[in-house]
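So this one's query.cif, mmCIF, C-alpha atoms:
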data_start
loop_
_atom_site.label_atom_id
_atom_site.label_comp_id
_atom_site.auth_asym_id
_atom_site.auth_seq_id
_atom_site.Cartn_x
_atom_site.Cartn_y
_atom_site.Cartn_z
CA MET E 1 -22.11 65.59 -23.72
CA ARG E 2 -20.99 64.24 -20.35
CA THR E 3 -22.14 66.17 -17.29
CA LYS E 4 -21.00 66.46 -13.70
CA GLU E 5 -24.11 64.49 -12.67
CA THR E 6 -23.05 61.66 -14.98
CA THR E 7 -19.55 61.69 -13.50
CA GLN E 8 -20.94 61.64 -9.96
CA GLY E 9 -23.10 58.64 -10.84
CA GLU E 10 -20.11 56.79 -12.23
CA GLY E 11 -18.16 57.66 -9.09
CA THR E 12 -20.87 56.02 -6.95
CA ILE E 13 -20.56 52.82 -9.00
CA ALA E 14 -16.78 53.00 -8.74
CA ASN E 15 -17.03 53.26 -4.96
CA ALA E 16 -19.19 50.12 -4.94
CA ILE E 17 -16.64 48.23 -7.06
CA VAL E 18 -13.74 49.22 -4.81
CA LEU E 19 -15.73 48.30 -1.70
CA ASP E 20 -16.51 44.96 -3.30
CA ILE E 21 -12.78 44.43 -3.77
CA LEU E 22 -12.07 45.48 -0.20
CA ASN E 23 -14.71 43.21 1.28
CA SER E 24 -14.20 40.12 -0.88
CA LYS E 25 -11.35 37.91 -1.97
CA LEU E 26 -8.82 40.64 -2.71
CA GLU E 27 -8.63 42.84 0.37
CA ILE E 28 -6.27 45.79 -0.03
CA PRO E 29 -4.17 46.51 3.09
CA PRO E 30 -2.91 50.03 3.87
CA MET E 31 -0.04 51.25 1.73
CA PRO E 32 3.37 50.20 3.12
CA ALA E 33 5.14 52.93 5.08
CA ASN E 34 7.73 53.68 2.39
CA GLY E 35 5.06 54.76 -0.12
CA PRO E 36 4.12 58.10 1.47
CA LYS E 37 7.81 58.78 2.19
CA LEU E 38 8.80 58.25 -1.45
CA MET E 39 5.90 60.37 -2.70
CA SER E 40 6.81 63.12 -0.25
CA LEU E 41 10.32 63.26 -1.68
CA ILE E 42 9.23 63.19 -5.30
CA ARG E 43 7.01 66.24 -4.75
CA LYS E 44 9.91 68.38 -3.48
CA PRO E 45 12.20 70.48 -5.70
CA ILE E 46 15.37 68.48 -6.21
CA ASP E 47 17.49 71.15 -4.48
CA ASP E 48 15.42 70.72 -1.30
CA ILE E 49 16.00 66.96 -1.04
CA GLN E 50 18.67 65.66 1.28
CA VAL E 51 20.37 62.60 -0.16
CA GLY E 52 20.53 61.13 3.32
CA ASP E 53 16.73 61.17 3.64
CA PHE E 54 16.38 59.13 0.47
CA VAL E 55 19.20 56.76 1.46
CA GLN E 56 17.47 56.10 4.78
CA ILE E 57 14.26 55.05 3.02
CA ILE E 58 15.99 52.75 0.54
CA ASP E 59 18.39 51.22 3.07
CA SER E 60 15.35 49.91 4.96
CA ASP E 61 14.04 48.17 1.83
CA PRO E 62 16.47 45.58 0.38
CA GLY E 63 14.20 44.96 -2.62
CA LEU E 64 14.27 48.59 -3.74
CA LEU E 65 18.00 48.82 -3.06
CA SER E 66 18.64 45.80 -5.30
CA MET E 67 16.53 47.28 -8.11
CA ILE E 68 18.38 50.61 -7.97
CA LEU E 69 21.78 48.91 -8.03
CA GLN E 70 20.67 46.88 -11.05
CA LEU E 71 19.60 50.10 -12.76
CA ALA E 72 22.95 51.76 -12.03
CA ASN E 73 24.71 48.81 -13.65
CA SER E 74 22.32 48.57 -16.63
CA VAL E 75 23.27 49.21 -20.24
CA TYR E 76 22.23 52.88 -20.27
CA PHE E 77 23.80 53.93 -16.96
CA LYS E 78 26.69 51.47 -16.66
CA GLY E 79 30.18 52.93 -16.22
CA VAL E 80 33.60 51.32 -16.37
CA ASP E 81 33.14 49.61 -13.01
CA GLU E 82 30.10 48.13 -11.31
CA VAL E 83 28.69 50.02 -8.33
CA TYR E 84 27.74 48.25 -5.12
CA SER E 85 26.53 51.06 -2.86
CA LEU E 86 23.39 53.18 -2.99
CA ARG E 87 25.27 56.47 -2.84
CA SER E 88 27.45 55.40 -5.79
CA ALA E 89 24.30 54.42 -7.69
CA ILE E 90 22.72 57.82 -6.99
CA ALA E 91 25.88 59.58 -8.17
CA ARG E 92 25.77 57.62 -11.43
CA ILE E 93 22.03 57.79 -12.15
CA GLY E 94 21.30 61.20 -10.66
CA LEU E 95 19.17 61.89 -7.58
CA GLN E 96 15.99 62.85 -9.44
CA GLU E 97 16.13 59.89 -11.79
CA THR E 98 16.83 57.53 -8.88
CA ILE E 99 13.86 58.81 -6.86
CA ASP E 100 11.60 58.54 -9.91
CA ALA E 101 12.77 54.97 -10.56
CA ALA E 102 12.27 54.04 -6.90
CA ASN E 103 8.63 55.15 -7.10
CA LEU E 104 8.14 53.10 -10.27
CA TYR E 105 9.67 49.99 -8.69
CA PHE E 106 7.74 50.50 -5.44
CA PHE E 107 4.31 50.65 -7.07
CA ARG E 108 5.08 48.02 -9.68
CA ARG E 109 6.05 45.63 -6.89
CA MET E 110 2.72 46.17 -5.11
CA PHE E 111 0.75 44.45 -7.86
CA PRO E 112 1.06 40.92 -9.22
CA LYS E 113 1.25 39.87 -12.81
CA ILE E 114 -2.30 40.04 -14.01
CA PRO E 115 -4.34 37.00 -15.08
CA GLU E 116 -3.79 36.01 -18.69
CA ILE E 117 -5.54 38.68 -20.77
CA LYS E 118 -4.87 39.01 -24.46
CA GLY E 119 -3.53 42.48 -25.24
CA PHE E 120 -2.85 43.53 -21.65
CA GLN E 121 0.33 42.41 -19.95
CA ALA E 122 1.85 43.74 -16.73
CA GLN E 123 5.32 44.63 -18.00
CA GLU E 124 3.88 46.41 -21.04
CA TYR E 125 1.41 48.25 -18.80
CA TRP E 126 4.14 49.51 -16.46
CA ALA E 127 6.35 50.55 -19.37
CA PHE E 128 3.52 52.68 -20.73
CA SER E 129 2.85 54.13 -17.28
CA TRP E 130 6.53 55.02 -16.90
CA ALA E 131 6.44 56.75 -20.30
CA CYS E 132 3.36 58.71 -19.24
CA ALA E 133 4.98 59.67 -15.93
CA ASN E 134 8.14 60.95 -17.61
CA ALA E 135 6.18 62.90 -20.18
CA ALA E 136 4.04 64.41 -17.42
CA ARG E 137 7.06 65.51 -15.38
CA ARG E 138 8.58 67.28 -18.38
CA LEU E 139 5.27 69.00 -19.15
CA GLY E 140 5.31 70.41 -15.61
CA HIS E 141 8.59 72.27 -16.18
CA PRO E 142 8.23 75.95 -15.22
CA ASN E 143 9.20 77.05 -18.73
CA LEU E 144 5.82 75.80 -19.97
CA GLY E 145 3.93 77.95 -17.48
CA MET E 146 1.32 75.42 -16.33
CA ASP E 147 2.02 75.93 -12.60
CA VAL E 148 1.73 72.27 -11.56
CA ASN E 149 4.17 70.42 -9.30
CA PRO E 150 6.31 68.20 -11.59
CA GLY E 151 6.60 65.50 -8.92
CA GLU E 152 2.82 65.29 -8.53
CA LEU E 153 2.56 65.05 -12.30
CA TYR E 154 5.02 62.16 -12.27
CA ILE E 155 2.98 60.28 -9.65
CA ALA E 156 -0.30 60.97 -11.47
CA GLY E 157 1.21 59.81 -14.77
CA LEU E 158 2.65 56.70 -13.15
CA LEU E 159 -0.59 55.73 -11.38
CA HIS E 160 -3.17 56.93 -13.89
CA GLY E 161 -4.02 53.36 -14.97
CA ILE E 162 -4.11 51.59 -11.60
CA GLY E 163 -7.86 51.11 -12.01
CA LYS E 164 -7.15 48.92 -15.04
CA LEU E 165 -5.04 46.61 -12.89
CA ILE E 166 -7.83 46.41 -10.33
CA LEU E 167 -10.33 45.46 -13.04
CA ALA E 168 -7.90 42.99 -14.63
CA ILE E 169 -7.29 41.26 -11.29
CA GLN E 170 -10.81 41.25 -9.92
CA TYR E 171 -12.84 41.00 -13.16
CA PRO E 172 -10.50 39.37 -15.70
CA PHE E 173 -13.23 38.02 -17.99
CA GLU E 174 -15.14 41.28 -18.23
CA PHE E 175 -11.98 43.38 -18.54
CA SER E 176 -10.65 41.08 -21.26
CA LYS E 177 -13.86 41.72 -23.21
CA CYS E 178 -13.18 45.46 -22.89
CA ILE E 179 -9.63 45.08 -24.26
CA GLN E 180 -10.76 42.99 -27.22
CA THR E 181 -13.67 45.30 -28.02
CA ALA E 182 -11.42 48.36 -27.87
CA ALA E 183 -8.95 46.71 -30.25
CA ARG E 184 -11.67 45.59 -32.67
CA LEU E 185 -13.44 48.96 -32.78
CA LYS E 186 -10.26 51.06 -32.45
CA LEU E 187 -11.56 52.80 -29.34
CA SER E 188 -10.04 53.93 -26.08
CA VAL E 189 -10.57 51.24 -23.46
CA HIS E 190 -12.27 53.62 -21.00
CA ALA E 191 -15.12 54.16 -23.49
CA VAL E 192 -15.71 50.41 -23.53
CA GLU E 193 -15.37 50.11 -19.75
CA LEU E 194 -18.24 52.53 -19.36
CA ASP E 195 -20.54 50.14 -21.25
CA GLU E 196 -19.25 47.02 -19.47
CA PHE E 197 -18.95 48.28 -15.88
CA GLY E 198 -20.98 51.48 -15.79
CA THR E 199 -17.83 53.35 -14.77
CA THR E 200 -14.21 53.78 -15.85
CA ASP E 201 -10.88 52.75 -14.41
CA THR E 202 -10.13 56.38 -13.49
CA ASN E 203 -13.01 56.53 -11.04
CA ILE E 204 -11.83 53.30 -9.47
CA ALA E 205 -8.26 54.61 -9.27
CA SER E 206 -9.38 57.84 -7.65
CA THR E 207 -11.34 55.94 -5.00
CA LEU E 208 -8.36 53.70 -4.28
CA PHE E 209 -6.08 56.76 -3.99
CA GLY E 210 -8.35 58.12 -1.29
CA ILE E 211 -7.89 54.89 0.67
CA TRP E 212 -4.12 55.19 0.22
CA HIS E 213 -4.12 58.90 1.21
CA ILE E 214 -2.44 59.95 -2.02
CA PRO E 215 -2.44 63.77 -2.43
CA SER E 216 -5.82 65.11 -3.49
CA ARG E 217 -4.47 66.93 -6.56
CA VAL E 218 -3.11 63.63 -7.88
CA CYS E 219 -6.49 61.98 -7.25
CA THR E 220 -8.32 64.73 -9.13
CA GLY E 221 -5.81 64.77 -11.98
CA VAL E 222 -6.26 61.05 -12.57
CA GLU E 223 -10.03 61.10 -12.11
CA PHE E 224 -10.53 63.79 -14.76
CA TYR E 225 -7.64 63.33 -17.21
CA GLN E 226 -9.98 61.77 -19.78
CA ASN E 227 -12.28 64.81 -19.52
CA PRO E 228 -10.38 67.83 -18.13
CA ASP E 229 -13.34 70.09 -18.95
CA LEU E 230 -15.20 68.44 -16.05
CA ALA E 231 -12.37 68.91 -13.54
CA PRO E 232 -12.63 71.58 -10.83
CA GLU E 233 -11.01 74.71 -12.21
CA LYS E 234 -8.22 74.74 -9.63
CA ASP E 235 -7.14 71.23 -10.70
CA ARG E 236 -7.88 71.45 -14.42
CA ASN E 237 -4.24 71.98 -15.39
CA ILE E 238 -3.03 68.75 -13.78
CA ALA E 239 -5.85 66.77 -15.43
CA ALA E 240 -5.09 68.41 -18.79
CA LEU E 241 -1.35 67.73 -18.52
CA ILE E 242 -1.94 64.06 -17.70
CA GLN E 243 -4.23 63.83 -20.74
CA PHE E 244 -1.51 65.40 -22.90
CA ALA E 245 1.19 63.15 -21.39
CA TYR E 246 -1.03 60.13 -22.08
CA ALA E 247 -1.20 61.17 -25.74
CA VAL E 248 2.59 61.58 -25.91
CA ALA E 249 3.09 58.16 -24.29
CA SER E 250 0.64 56.65 -26.80
CA MET E 251 2.81 58.01 -29.61
CA SER E 252 6.04 56.64 -28.15
CA GLY E 253 5.49 52.98 -29.03
CA LEU E 254 6.56 52.09 -25.50
CA GLY E 255 4.37 49.51 -23.78
CA LYS E 256 0.63 49.00 -24.18
CA ASN E 257 -2.24 50.43 -22.18
CA GLY E 258 -5.17 48.42 -23.54
CA ASP E 259 -6.43 51.09 -25.93
CA GLY E 260 -7.35 50.19 -29.48
CA CYS E 261 -6.17 53.54 -30.80
CA ILE E 262 -3.49 56.16 -30.34
CA THR E 263 -4.78 59.24 -28.54
CA SER E 264 -4.32 62.27 -30.77
CA LEU E 265 -2.76 65.47 -29.47
CA GLU E 266 -5.40 67.43 -31.37
CA SER E 267 -8.14 65.93 -29.20
CA THR E 268 -6.59 67.10 -25.92
CA TRP E 269 -7.84 69.99 -23.82
CA ILE E 270 -4.49 71.79 -24.09
CA ALA E 271 -4.46 71.65 -27.90
CA ARG E 272 -7.88 73.31 -27.95
CA GLN E 273 -6.77 76.29 -25.86
CA SER E 274 -5.22 79.53 -27.03
CA GLY E 275 -2.57 81.51 -25.23
CA LEU E 276 -0.79 78.55 -23.63
CA PRO E 277 2.83 77.95 -24.65
CA LEU E 278 2.07 74.22 -24.98
CA SER E 279 -0.83 74.94 -27.33
CA ARG E 280 1.59 76.23 -29.98
CA LYS E 281 2.65 73.57 -32.47
CA GLU E 282 6.30 74.60 -32.54
CA VAL E 283 6.50 74.26 -28.75
CA GLN E 284 4.66 70.92 -28.83
CA ASP E 285 7.00 69.57 -31.49
CA ALA E 286 10.13 70.57 -29.57
CA VAL E 287 8.92 69.21 -26.21
CA ILE E 288 7.63 65.93 -27.69
CA LYS E 289 10.88 65.36 -29.56
CA GLU E 290 12.80 65.88 -26.32
CA ILE E 291 10.51 63.52 -24.36
CA GLN E 292 10.59 60.77 -26.95
CA ALA E 293 14.39 60.92 -27.26
CA SER E 294 14.69 60.51 -23.49
CA LEU E 295 12.22 57.60 -23.42
CA GLU E 296 13.98 55.83 -26.26
CA GLU E 297 17.37 56.15 -24.57
CA LYS E 298 16.37 54.96 -21.10
CA SER E 299 13.32 52.73 -21.44
CA GLU E 300 15.00 49.37 -21.89
CA SER E 301 17.27 49.84 -18.87
CA ILE E 302 14.46 51.08 -16.61
CA THR E 303 11.42 49.08 -17.80
CA GLY E 304 12.98 46.15 -19.67
CA ILE E 305 11.10 47.15 -22.83
CA ALA E 306 12.29 49.15 -25.83
CA PRO E 307 9.92 51.26 -27.93
CA GLN E 308 8.45 49.30 -30.84
CA LYS E 309 8.33 52.34 -33.09
CA GLN E 310 9.17 55.98 -32.60
CA GLU E 311 6.08 57.91 -33.72
CA THR E 312 6.56 61.31 -35.29
CA VAL E 313 4.43 64.25 -34.24
CA SER E 314 2.65 64.28 -37.60
CA GLU E 315 1.62 60.65 -37.12
CA SER E 316 0.04 61.24 -33.71
CA SER E 317 -3.46 61.94 -34.98
CA LYS E 318 -3.86 58.59 -36.72
CA LEU E 319 -5.95 55.94 -35.03
CA LYS E 320 -4.22 52.60 -34.96
CA PRO E 321 -5.10 49.28 -33.36
CA THR E 322 -2.90 47.98 -30.58
CA LYS E 323 -1.31 44.58 -31.09
CA ALA E 324 -2.27 41.81 -28.71
CA ASN E 325 0.39 40.59 -26.32
CA PRO E 326 -0.62 37.83 -23.90
CA SER E 327 0.60 37.86 -20.31
CA LYS E 328 1.44 35.23 -17.74
CA THR E 329 -0.56 34.78 -14.61
CA GLY E 330 0.12 35.80 -11.03
CA PHE E 331 -2.48 36.65 -8.41
CA PHE E 332 -2.63 36.32 -4.65
CA THR E 333 1.08 37.05 -4.18
CA TRP E 334 -0.03 40.68 -4.30
CA ILE E 335 -1.13 40.58 -0.68
CA ARG E 336 2.18 39.15 0.50
CA SER E 337 4.17 41.55 -1.70
CA LEU E 338 2.61 44.57 -0.02
CA PHE E 339 4.56 43.78 3.13
CA HIS E 340 7.97 43.05 1.61
#
Translate the structure described by the file into structure tokens.
Amino acid sequence: MRTKETTQGEGTIANAIVLDILNSKLEIPPMPANGPKLMSLIRKPIDDIQVGDFVQIIDSDPGLLSMILQLANSVYFKGVDEVYSLRSAIARIGLQETIDAANLYFFRRMFPKIPEIKGFQAQEYWAFSWACANAARRLGHPNLGMDVNPGELYIAGLLHGIGKLILAIQYPFEFSKCIQTAARLKLSVHAVELDEFGTTDTNIASTLFGIWHIPSRVCTGVEFYQNPDLAPEKDRNIAALIQFAYAVASMSGLGKNGDGCITSLESTWIARQSGLPLSRKEVQDAVIKEIQASLEEKSESITGIAPQKQETVSESSKLKPTKANPSKTGFFTWIRSLFH
């Protein structure tokens, strides 16, 4: 059984890895100014957000504006006429969906295409992360009684795997071994990372989030989502909901996260509890059906990838190998992209 002492030891190693990244060939500059602004908006209730505040952020970033206009004119959202202004795009997409998409595009743009690694490709990774983020937001709805900010859940779901990108960029050979081993043994990739690196991508992500001044609850949720039992009690719900969202995203067939198996709902912290609405199978079935229908409808327009197969709830407990999908390379443009 894993202990807090074990986790602390892994965190020390993770700090060393991130410092190695900071001090060597891939120095990470501070997050661009729009990042905290976008995250601040996404954490607010939608009724408290002024459209003008969001417009001001996007108008100062031509790249994000272009991406949002493309989304408004995509297959899923497209109307009779094309839209050419941000306010028209917001009216068509919806303010919440537009803010969520802007956060996806912002963080996706910060990282390059990863080196060529069989079974781990950037577009597939971001599609999975988007699926996890959307599942997490829905699981934070007040009607499920988990008392976690839905916007913080979206950010945690979106960024939960950033440590994998760091490992793929800085240690492509070793990380590739992890992906192939996970696929061969039908294991989660974080279990293999622990053997290869002495830590997991979540510890690396949490350390990086501290550098970026991402809200502490998001940091804790990501750090402990693989083992919510070890999370501080006050933050256990966010860790548990990210774990559950990860399982739902694994079932969706949307993108690939490097795992050699599909995470089962039955293995999650929430499924093992009693007294929670989300622990009841009939509630799980209804919520998962709703999430997967939404992902299937929107994914191709937002991520460029359609689900390969829509998993049913009854299939979620089966372990299945992920299929390899090679990626193209891209590397030092990351540094330049941080400032555009």
Output the residue selection produced by the PyMOL selection byres ((chain E and resi 187) around 9) on the file above, formatted as an mmCIF file with C-alpha atoms, in the frame of the given file.
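Contents of expr.cif, freshly written:
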data_model
loop_
_atom_site.group_PDB
_atom_site.id
_atom_site.type_symbol
_atom_site.label_atom_id
_atom_site.label_comp_id
_atom_site.auth_asym_id
_atom_site.auth_seq_id
_atom_site.Cartn_x
_atom_site.Cartn_y
_atom_site.Cartn_z
ATOM 1 C CA THR E 181 -13.670 45.300 -28.020
ATOM 2 C CA ALA E 182 -11.420 48.360 -27.870
ATOM 3 C CA ALA E 183 -8.950 46.710 -30.250
ATOM 4 C CA ARG E 184 -11.670 45.590 -32.670
ATOM 5 C CA LEU E 185 -13.440 48.960 -32.780
ATOM 6 C CA LYS E 186 -10.260 51.060 -32.450
ATOM 7 C CA SER E 188 -10.040 53.930 -26.080
ATOM 8 C CA VAL E 189 -10.570 51.240 -23.460
ATOM 9 C CA HIS E 190 -12.270 53.620 -21.000
ATOM 10 C CA ALA E 191 -15.120 54.160 -23.490
ATOM 11 C CA VAL E 192 -15.710 50.410 -23.530
ATOM 12 C CA ASP E 259 -6.430 51.090 -25.930
ATOM 13 C CA GLY E 260 -7.350 50.190 -29.480
ATOM 14 C CA CYS E 261 -6.170 53.540 -30.800
ATOM 15 C CA ILE E 262 -3.490 56.160 -30.340
ATOM 16 C CA LEU E 319 -5.950 55.940 -35.030
ATOM 17 C CA PRO E 321 -5.100 49.280 -33.360
#
Which polymer residues, whether protein, DNA or RNA, lie within 10 Å of the coordinate (1.7, 69.2, -11.0) when you count all atoms listed in the file? List them as a PyMOL selection string, using the chain letters and numbers from the file. chain E and resi 43+136-137+139-141+146-156+217-218+221+235+237-239+241-242
Please write the residues picked by the PyMOL selection byres ((chain E and resi 159-164) around 10) on this file as a ChimeraX atom specification. /E:14,18,104,107-108,111,120,125-126,128-130,132-133,153-158,165-171,175,189-190,193,200-209,218-219,221-223,225,242-243,246,257-258
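A straight line drawn from atom CA of E:Ala135 to atom CA of E:Ser274 is 21.3 Å long.
Compared by their closest atoms to E:Ile291, and using all atoms listed in the file, the residues E:Ala89, E:Val80, E:Met67, E:Ala249 rank with E:Ala249 nearest.
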Answer as a PyMOL selection string, residues within 12 Å of (12.7, 59.0, -28.1) using all atoms listed in the file: chain E and resi 131+134-135+248-249+251-254+286-300+306-313
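Residues matched by the PyMOL selection byres ((chain E and resi 34) around 10) in this structure: Met31, Pro32, Ala33, Gly35, Pro36, Lys37, Leu38, Met39, Ser40, Ile57, Ile58, Ser60, Asp61, Asn103 and Phe106 of chain E.
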Report, in Å to a single decimal, how far apart atom CA of E:Arg138 and atom CA of E:Ile68 are. 22.0 Å
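One distance worth recording is that between atom CA of E:Gly63 and atom CA of E:Met110, which is 11.8 Å.
With all atoms listed in the file as the atoms that count, the minimum distance from E:Asp47 to the choices E:Ile214, E:Gln96, E:Ser74, E:Pro112 is reached by E:Gln96.
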Reconstructed stretch 233-256 of chain E, atom set N, CA, C and O atoms, as an mmCIF file, keeping the file's coordinate frame:
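Here's the written file out_18.cif:
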data_model
loop_
_atom_site.group_PDB
_atom_site.id
_atom_site.type_symbol
_atom_site.label_atom_id
_atom_site.label_comp_id
_atom_site.auth_asym_id
_atom_site.auth_seq_id
_atom_site.Cartn_x
_atom_site.Cartn_y
_atom_site.Cartn_z
ATOM 1 N N GLU E 233 -11.902 73.776 -11.532
ATOM 2 C CA GLU E 233 -11.010 74.710 -12.210
ATOM 3 C C GLU E 233 -9.618 74.744 -11.610
ATOM 4 O O GLU E 233 -8.620 74.820 -12.331
ATOM 5 N N LYS E 234 -9.525 74.647 -10.279
ATOM 6 C CA LYS E 234 -8.220 74.740 -9.630
ATOM 7 C C LYS E 234 -7.321 73.541 -9.963
ATOM 8 O O LYS E 234 -6.091 73.632 -9.834
ATOM 9 N N ASP E 235 -7.916 72.429 -10.382
ATOM 10 C CA ASP E 235 -7.140 71.230 -10.700
ATOM 11 C C ASP E 235 -7.198 70.871 -12.190
ATOM 12 O O ASP E 235 -6.753 69.784 -12.583
ATOM 13 N N ARG E 236 -7.718 71.775 -13.002
ATOM 14 C CA ARG E 236 -7.880 71.450 -14.420
ATOM 15 C C ARG E 236 -6.530 71.273 -15.121
ATOM 16 O O ARG E 236 -6.381 70.419 -16.004
ATOM 17 N N ASN E 237 -5.535 72.074 -14.720
ATOM 18 C CA ASN E 237 -4.240 71.980 -15.390
ATOM 19 C C ASN E 237 -3.586 70.618 -15.198
ATOM 20 O O ASN E 237 -3.008 70.065 -16.128
ATOM 21 N N ILE E 238 -3.675 70.058 -13.987
ATOM 22 C CA ILE E 238 -3.030 68.750 -13.780
ATOM 23 C C ILE E 238 -3.768 67.678 -14.573
ATOM 24 O O ILE E 238 -3.139 66.812 -15.194
ATOM 25 N N ALA E 239 -5.097 67.743 -14.626
ATOM 26 C CA ALA E 239 -5.850 66.770 -15.430
ATOM 27 C C ALA E 239 -5.494 66.911 -16.905
ATOM 28 O O ALA E 239 -5.293 65.915 -17.614
ATOM 29 N N ALA E 240 -5.392 68.157 -17.379
ATOM 30 C CA ALA E 240 -5.090 68.410 -18.790
ATOM 31 C C ALA E 240 -3.678 67.950 -19.148
ATOM 32 O O ALA E 240 -3.442 67.410 -20.240
ATOM 33 N N LEU E 241 -2.731 68.151 -18.238
ATOM 34 C CA LEU E 241 -1.350 67.730 -18.520
ATOM 35 C C LEU E 241 -1.219 66.215 -18.525
ATOM 36 O O LEU E 241 -0.445 65.662 -19.315
ATOM 37 N N ILE E 242 -1.968 65.525 -17.664
ATOM 38 C CA ILE E 242 -1.940 64.060 -17.700
ATOM 39 C C ILE E 242 -2.567 63.561 -19.004
ATOM 40 O O ILE E 242 -2.081 62.610 -19.621
ATOM 41 N N GLN E 243 -3.633 64.195 -19.451
ATOM 42 C CA GLN E 243 -4.230 63.830 -20.740
ATOM 43 C C GLN E 243 -3.218 64.009 -21.863
ATOM 44 O O GLN E 243 -3.071 63.144 -22.743
ATOM 45 N N PHE E 244 -2.494 65.122 -21.852
ATOM 46 C CA PHE E 244 -1.510 65.400 -22.900
ATOM 47 C C PHE E 244 -0.351 64.400 -22.806
ATOM 48 O O PHE E 244 0.121 63.877 -23.828
ATOM 49 N N ALA E 245 0.105 64.121 -21.576
ATOM 50 C CA ALA E 245 1.190 63.150 -21.390
ATOM 51 C C ALA E 245 0.767 61.767 -21.868
ATOM 52 O O ALA E 245 1.566 61.018 -22.438
ATOM 53 N N TYR E 246 -0.491 61.410 -21.624
ATOM 54 C CA TYR E 246 -1.030 60.130 -22.080
ATOM 55 C C TYR E 246 -0.950 60.050 -23.612
ATOM 56 O O TYR E 246 -0.584 59.004 -24.171
ATOM 57 N N ALA E 247 -1.280 61.145 -24.278
ATOM 58 C CA ALA E 247 -1.200 61.170 -25.740
ATOM 59 C C ALA E 247 0.244 61.019 -26.212
ATOM 60 O O ALA E 247 0.533 60.285 -27.166
ATOM 61 N N VAL E 248 1.176 61.693 -25.540
ATOM 62 C CA VAL E 248 2.590 61.580 -25.910
ATOM 63 C C VAL E 248 3.082 60.154 -25.680
ATOM 64 O O VAL E 248 3.802 59.591 -26.510
ATOM 65 N N ALA E 249 2.694 59.554 -24.558
ATOM 66 C CA ALA E 249 3.090 58.160 -24.290
ATOM 67 C C ALA E 249 2.500 57.221 -25.336
ATOM 68 O O ALA E 249 3.146 56.253 -25.759
ATOM 69 N N SER E 250 1.262 57.489 -25.769
ATOM 70 C CA SER E 250 0.640 56.650 -26.800
ATOM 71 C C SER E 250 1.428 56.690 -28.100
ATOM 72 O O SER E 250 1.501 55.708 -28.829
ATOM 73 N N MET E 251 2.022 57.852 -28.390
ATOM 74 C CA MET E 251 2.810 58.010 -29.610
ATOM 75 C C MET E 251 4.159 57.325 -29.540
ATOM 76 O O MET E 251 4.776 57.059 -30.564
ATOM 77 N N SER E 252 4.649 57.063 -28.328
ATOM 78 C CA SER E 252 6.040 56.640 -28.150
ATOM 79 C C SER E 252 6.312 55.213 -28.616
ATOM 80 O O SER E 252 7.465 54.854 -28.853
ATOM 81 N N GLY E 253 5.280 54.372 -28.703
ATOM 82 C CA GLY E 253 5.490 52.980 -29.030
ATOM 83 C C GLY E 253 6.033 52.168 -27.867
ATOM 84 O O GLY E 253 6.465 51.031 -28.038
ATOM 85 N N LEU E 254 6.013 52.751 -26.666
ATOM 86 C CA LEU E 254 6.560 52.090 -25.500
ATOM 87 C C LEU E 254 5.447 51.490 -24.649
ATOM 88 O O LEU E 254 4.623 52.204 -24.080
ATOM 89 N N GLY E 255 5.392 50.176 -24.576
ATOM 90 C CA GLY E 255 4.370 49.510 -23.780
ATOM 91 C C GLY E 255 2.997 49.576 -24.418
ATOM 92 O O GLY E 255 2.811 50.117 -25.511
ATOM 93 N N LYS E 256 2.013 49.010 -23.715
ATOM 94 C CA LYS E 256 0.630 49.000 -24.180
ATOM 95 C C LYS E 256 -0.283 49.268 -23.001
ATOM 96 O O LYS E 256 -0.048 48.795 -21.895
#
